[in-house]
Amino acid sequence: MASKGAAPRLRTARAPKRADKSPHNFMERLPCEILIKILSSLDASALFSISHVSKLFYQLANDNALWNKIYTAEFGKNGKCRHRCMDKLLLKMTSVELRDCAAGHWKWLFFTTVGVCELNKWKRNLGLIRQYTGLPSRTEWALRNLHVTWELTVSDKSGQENTLELSRSQFCETSAYMCWGGGDCLPNYQHISTLQLHGVRRINLICPGLKSPGWRSLMAKLDMQTLTESAEVIGQDQLVELKLLHPGVVIGTWRDQSSIAFIMFTLHFHKLLERSIQGSSVCPYLELMAKPPSDDADPEYGLHGYQLHIVLHNTVCSLMSGSFSELFCLRSQISDAHIELTAISRTNLSQHTPLTGSITLPWRCEVLKSAVENCCIMSVTLLDEFRKPFWCVSSPVFMEPGNAAVSYDYDGEHFLIHYRDSDGRVKIELAWVKEQEQYVVIGLVVYVSVSKVNEHFGRDY
């Protein structure tokens, strides 16, 4: 969780500069040595709390000797606990002499080590990997127990920033949905400069009435000037209009206005825990992709053995969840720089899958709520032949009328759901069955970029 750039610069510690003595403040009239002696009897929670009292106590409560004592008491003189959970950088930081440390060094080291130890503990509790999704089975549980939340920072073109606390969230099978209400604190849609999403992990201390310290991890930074030009309206009702700015990012604006009703993010579960807490405040978590073994004997290596898990849902319930294995594409079938993986064929009636509800996207903002028709959220998890996540995406999508081919099985209206990004595309065909009053998925095809396949498998298709 700690990064090298986050380490404090080492320099010779100085005695804190005393604040102006006041006849009404007995504590600040005491010598620093006496105050340090008093503070030495406090535990980590109390010492952290008192650092918020005044500038003087903030300086005194950063004393390295105090935090070195707490650190040693917590992790042991020989560091047996910390050696099991710390990386080489943190171990090196513990060997620095007290006199060579910058003020606050051991305080930073204490909270960082606590965070790393707890992170490793909860990583072990993410649970077994699910067979069909290739994802840990207890992602939601781990995020909740690590006290992880998400904050959205909105910057306008004048440089003013506003950080919003999460209004509501919901965990689904393979993704999480988050929403921030606009209220009166946000600039108009056209005046927004950037959006920054941070995962925030609160360290649970016994500090009543004090906001817990947290580690901020940048997850997304979006340049609105570029995105607003390509934003796509995916739906609207009588109150709001939904604009898809980026895969997984929707802004709801009030109809015929430019004021913001809400901002919505959908995040896939793949590495969500790591992305939420292991980046820094300015740099996102960088996933190191493990390359599969090379196979020169297989002329179509990287074109077969795929497994797809797809979920269609909204902010309330799931509409469809299905897994499809042994997907492949022949080398001769590669076209338009994509490989084609067919999960549901129009001609195979046994694969056709009914939806369990209507395709709508409910929303709520302060005292108002409604639902936008023909919109939902799609979460796709594509595993390679080694059952490792290869392409994962979660994003709101919209349904539009499609061209109904001649069919003796479905004589109702036909519809299409399209999704596209730099790594691939998804095409879902649906038919409306009037007798049952439900939608049926009659076609599902995933297209994966050949460049992504070549990079992952070391091929040259």
# chains A, B, ... in the order shown; residues from 1 in each chain; ligands from 1

call {"tool": "residues_around", "arguments": {"residues": "segment 448-451 of chain A", "least_positions_apart": "2", "cutoff": "6 Å", "atoms": "only C-alpha atoms", "output": "list in words"}}
result
Ala337, His338, Ile339, Asp423, Gly424, Val453 and Asn454 of chain A

call {"tool": "write_last_selection", "arguments": {"atoms": "N, CA and C atoms", "output": "PDB file, in the first residue's frame"}}
result
ATOM      1  N   ALA A 337     -10.098  -6.578 -37.200  1.00  0.00           N
ATOM      2  CA  ALA A 337      -9.128  -6.491 -36.100  1.00  0.00           C
ATOM      3  C   ALA A 337      -9.707  -6.972 -34.768  1.00  0.00           C
ATOM      4  N   HIS A 338     -10.694  -7.881 -34.810  1.00  0.00           N
ATOM      5  CA  HIS A 338     -11.287  -8.442 -33.601  1.00  0.00           C
ATOM      6  C   HIS A 338     -11.501  -9.939 -33.771  1.00  0.00           C
ATOM      7  N   ILE A 339     -11.404 -10.680 -32.661  1.00  0.00           N
ATOM      8  CA  ILE A 339     -11.825 -12.074 -32.672  1.00  0.00           C
ATOM      9  C   ILE A 339     -13.266 -12.123 -32.180  1.00  0.00           C
ATOM     10  N   ASP A 423     -10.709  -2.085 -25.965  1.00  0.00           N
ATOM     11  CA  ASP A 423     -10.326  -3.493 -25.877  1.00  0.00           C
ATOM     12  C   ASP A 423     -11.307  -4.435 -26.538  1.00  0.00           C
ATOM     13  N   GLY A 424     -12.527  -3.990 -26.761  1.00  0.00           N
ATOM     14  CA  GLY A 424     -13.485  -4.901 -27.376  1.00  0.00           C
ATOM     15  C   GLY A 424     -14.883  -4.335 -27.475  1.00  0.00           C
ATOM     16  N   VAL A 453      -5.234  -9.495 -27.684  1.00  0.00           N
ATOM     17  CA  VAL A 453      -4.892 -10.917 -27.706  1.00  0.00           C
ATOM     18  C   VAL A 453      -3.405 -11.098 -27.979  1.00  0.00           C
ATOM     19  N   ASN A 454      -2.891 -10.371 -28.963  1.00  0.00           N
ATOM     20  CA  ASN A 454      -1.466 -10.490 -29.308  1.00  0.00           C
ATOM     21  C   ASN A 454      -0.569 -10.087 -28.151  1.00  0.00           C
TER      22      ASN A 454
END

call {"tool": "residues_around", "arguments": {"residues": "Ser280 of chain A", "least_positions_apart": "6", "cutoff": "7 Å", "atoms": "only C-alpha atoms", "output": "list in words"}}
result
Arg216, Ser217 and Leu218 of chain A

call {"tool": "write_last_selection", "arguments": {"atoms": "C-alpha atoms", "output": "tab-separated table (two decimals), in the first residue's frame"}}
result
chain	number	residue	atom	x	y	z
A	216	ARG	CA	-6.72	7.97	-0.53
A	217	SER	CA	-6.17	5.99	-3.71
A	218	LEU	CA	-6.79	7.62	-7.08

call {"tool": "closest_atom_pairs", "arguments": {"of": "segment 238-357 of chain A", "to": "segment 108-132 of chain A", "cutoff": "10 Å", "atoms": "only C-alpha atoms", "output": "CSV"}}
result
residue,atom,partner,partner_atom,distance
A:Leu273,CA,A:Lys123,CA,8.7
A:Glu274,CA,A:Lys123,CA,9.4
A:Ile277,CA,A:Leu119,CA,8.9
A:Gln278,CA,A:Leu119,CA,9.4
A:Gln307,CA,A:Tyr132,CA,7.8
A:Leu308,CA,A:Tyr132,CA,8.0
A:His309,CA,A:Tyr132,CA,6.6
A:Gly322,CA,A:Tyr132,CA,9.0
A:Ser323,CA,A:Tyr132,CA,6.4
A:Phe324,CA,A:Tyr132,CA,8.6
A:Ser325,CA,A:Tyr132,CA,8.8

call {"tool": "residues_around", "arguments": {"residues": "segment 190-198 of chain A", "least_positions_apart": "3", "cutoff": "10 Å", "atoms": "only C-alpha atoms", "output": "PDB file with C-alpha atoms, in the first residue's frame"}}
result
ATOM      1  CA  THR A 149     -15.604   4.169   0.823  1.00  0.00           C
ATOM      2  CA  TRP A 150     -15.315   6.329  -2.279  1.00  0.00           C
ATOM      3  CA  GLU A 151     -15.111  10.102  -2.723  1.00  0.00           C
ATOM      4  CA  LEU A 152     -15.661  12.158  -5.846  1.00  0.00           C
ATOM      5  CA  THR A 153     -13.749  15.403  -6.357  1.00  0.00           C
ATOM      6  CA  VAL A 154     -15.309  17.808  -8.858  1.00  0.00           C
ATOM      7  CA  SER A 155     -13.182  20.680 -10.195  1.00  0.00           C
ATOM      8  CA  ASP A 156     -14.603  23.579 -12.177  1.00  0.00           C
ATOM      9  CA  LYS A 157     -12.835  25.621 -14.840  1.00  0.00           C
ATOM     10  CA  SER A 158     -11.868  28.310 -12.322  1.00  0.00           C
ATOM     11  CA  GLY A 159      -9.880  25.730 -10.328  1.00  0.00           C
ATOM     12  CA  GLN A 160     -12.296  25.406  -7.406  1.00  0.00           C
ATOM     13  CA  GLU A 161     -12.626  21.860  -6.030  1.00  0.00           C
ATOM     14  CA  ASN A 162     -15.507  20.218  -4.220  1.00  0.00           C
ATOM     15  CA  THR A 163     -15.185  16.750  -2.671  1.00  0.00           C
ATOM     16  CA  LEU A 164     -18.430  14.813  -2.331  1.00  0.00           C
ATOM     17  CA  LEU A 186     -21.793  21.443  -7.903  1.00  0.00           C
ATOM     18  CA  PRO A 187     -21.087  23.672 -10.909  1.00  0.00           C
ATOM     19  CA  ARG A 201      -9.875   3.558   3.490  1.00  0.00           C
ATOM     20  CA  TRP A 215      -5.613   6.508   2.821  1.00  0.00           C
ATOM     21  CA  ARG A 216      -6.721   7.972  -0.526  1.00  0.00           C
ATOM     22  CA  SER A 217      -6.171   5.988  -3.706  1.00  0.00           C
ATOM     23  CA  LEU A 218      -6.788   7.624  -7.080  1.00  0.00           C
ATOM     24  CA  MET A 219      -8.963   5.374  -9.233  1.00  0.00           C
ATOM     25  CA  ALA A 220      -9.942   7.639 -12.121  1.00  0.00           C
ATOM     26  CA  LYS A 221      -9.183  11.161 -13.340  1.00  0.00           C
ATOM     27  CA  LEU A 222     -11.393  12.314 -16.193  1.00  0.00           C
ATOM     28  CA  ASP A 223     -10.853  15.382 -18.364  1.00  0.00           C
ATOM     29  CA  MET A 224     -14.362  16.704 -18.866  1.00  0.00           C
ATOM     30  CA  GLN A 225     -13.457  19.013 -21.744  1.00  0.00           C
ATOM     31  CA  THR A 226     -12.619  15.977 -23.877  1.00  0.00           C
ATOM     32  CA  LEU A 227     -15.424  13.765 -22.619  1.00  0.00           C
ATOM     33  CA  THR A 228     -18.294  16.238 -22.951  1.00  0.00           C
ATOM     34  CA  SER A 258     -27.330  22.132 -17.229  1.00  0.00           C
ATOM     35  CA  SER A 259     -27.413  21.605 -13.480  1.00  0.00           C
ATOM     36  CA  ILE A 260     -26.384  18.175 -12.208  1.00  0.00           C
ATOM     37  CA  ILE A 263     -23.095  11.436 -10.884  1.00  0.00           C
ATOM     38  CA  PHE A 265     -19.948   5.267 -11.375  1.00  0.00           C
ATOM     39  CA  ARG A 275      -7.582  -0.199  -6.879  1.00  0.00           C
ATOM     40  CA  SER A 276      -9.507   1.306  -3.967  1.00  0.00           C
ATOM     41  CA  ILE A 277      -6.680   1.348  -1.418  1.00  0.00           C
ATOM     42  CA  GLY A 279      -2.799   3.598  -5.198  1.00  0.00           C
ATOM     43  CA  SER A 280      -1.699   7.010  -3.972  1.00  0.00           C
ATOM     44  CA  SER A 281      -3.656  10.261  -3.927  1.00  0.00           C
ATOM     45  CA  VAL A 282      -2.194  11.212  -7.317  1.00  0.00           C
ATOM     46  CA  PRO A 284      -3.679   4.924  -9.475  1.00  0.00           C
TER      47      PRO A 284
END

call {"tool": "select_by_dssp", "arguments": {"residues": "segment 229-378 of chain A", "states": "strand (DSSP E or B)", "output": "ChimeraX atom specification"}}
result
/A:232-236,240-246,249-254,260-268,306-313,318-327,335,338-344,353-354,360-365,368-373,375-378

call {"tool": "atom_distance", "arguments": {"atom1": "atom CA of Asp421 of chain A", "atom2": "atom CA of Ile310 of chain A"}}
result
16.4 Å

call {"tool": "select_by_dssp", "arguments": {"residues": "segment 145-264 of chain A", "states": "alpha helix (DSSP H)", "output": "PyMOL selection string"}}
result
chain A and resi 145+224-230

call {"tool": "closest_residue", "arguments": {"among": "A:Thr253, A:Gln436, A:Thr347, A:Ser230", "to": "Gly183 of chain A", "atoms": "only C-alpha atoms"}}
result
A:Thr253

call {"tool": "residues_around", "arguments": {"residues": "Thr381 of chain A", "least_positions_apart": "3", "cutoff": "10 Å", "atoms": "only C-alpha atoms", "output": "ChimeraX atom specification"}}
result
/A:132-135,174,268-270,307-311,323,388-394

call {"tool": "atom_distance", "arguments": {"atom1": "atom CA of Ser54 of chain A", "atom2": "atom CA of His147 of chain A"}}
result
27.7 Å

call {"tool": "closest_residue", "arguments": {"among": "A:Met378, A:Met264, A:Ala65, A:Ala231", "to": "Leu244 of chain A", "atoms": "only C-alpha atoms"}}
result
A:Ala231

call {"tool": "atom_distance", "arguments": {"atom1": "atom CA of Glu241 of chain A", "atom2": "atom CA of Gln257 of chain A"}}
result
9.5 Å

call {"tool": "closest_residue", "arguments": {"among": "A:Glu165, A:Glu33, A:Glu326, A:Asp298", "to": "Leu382 of chain A", "atoms": "only C-alpha atoms"}}
result
A:Glu326
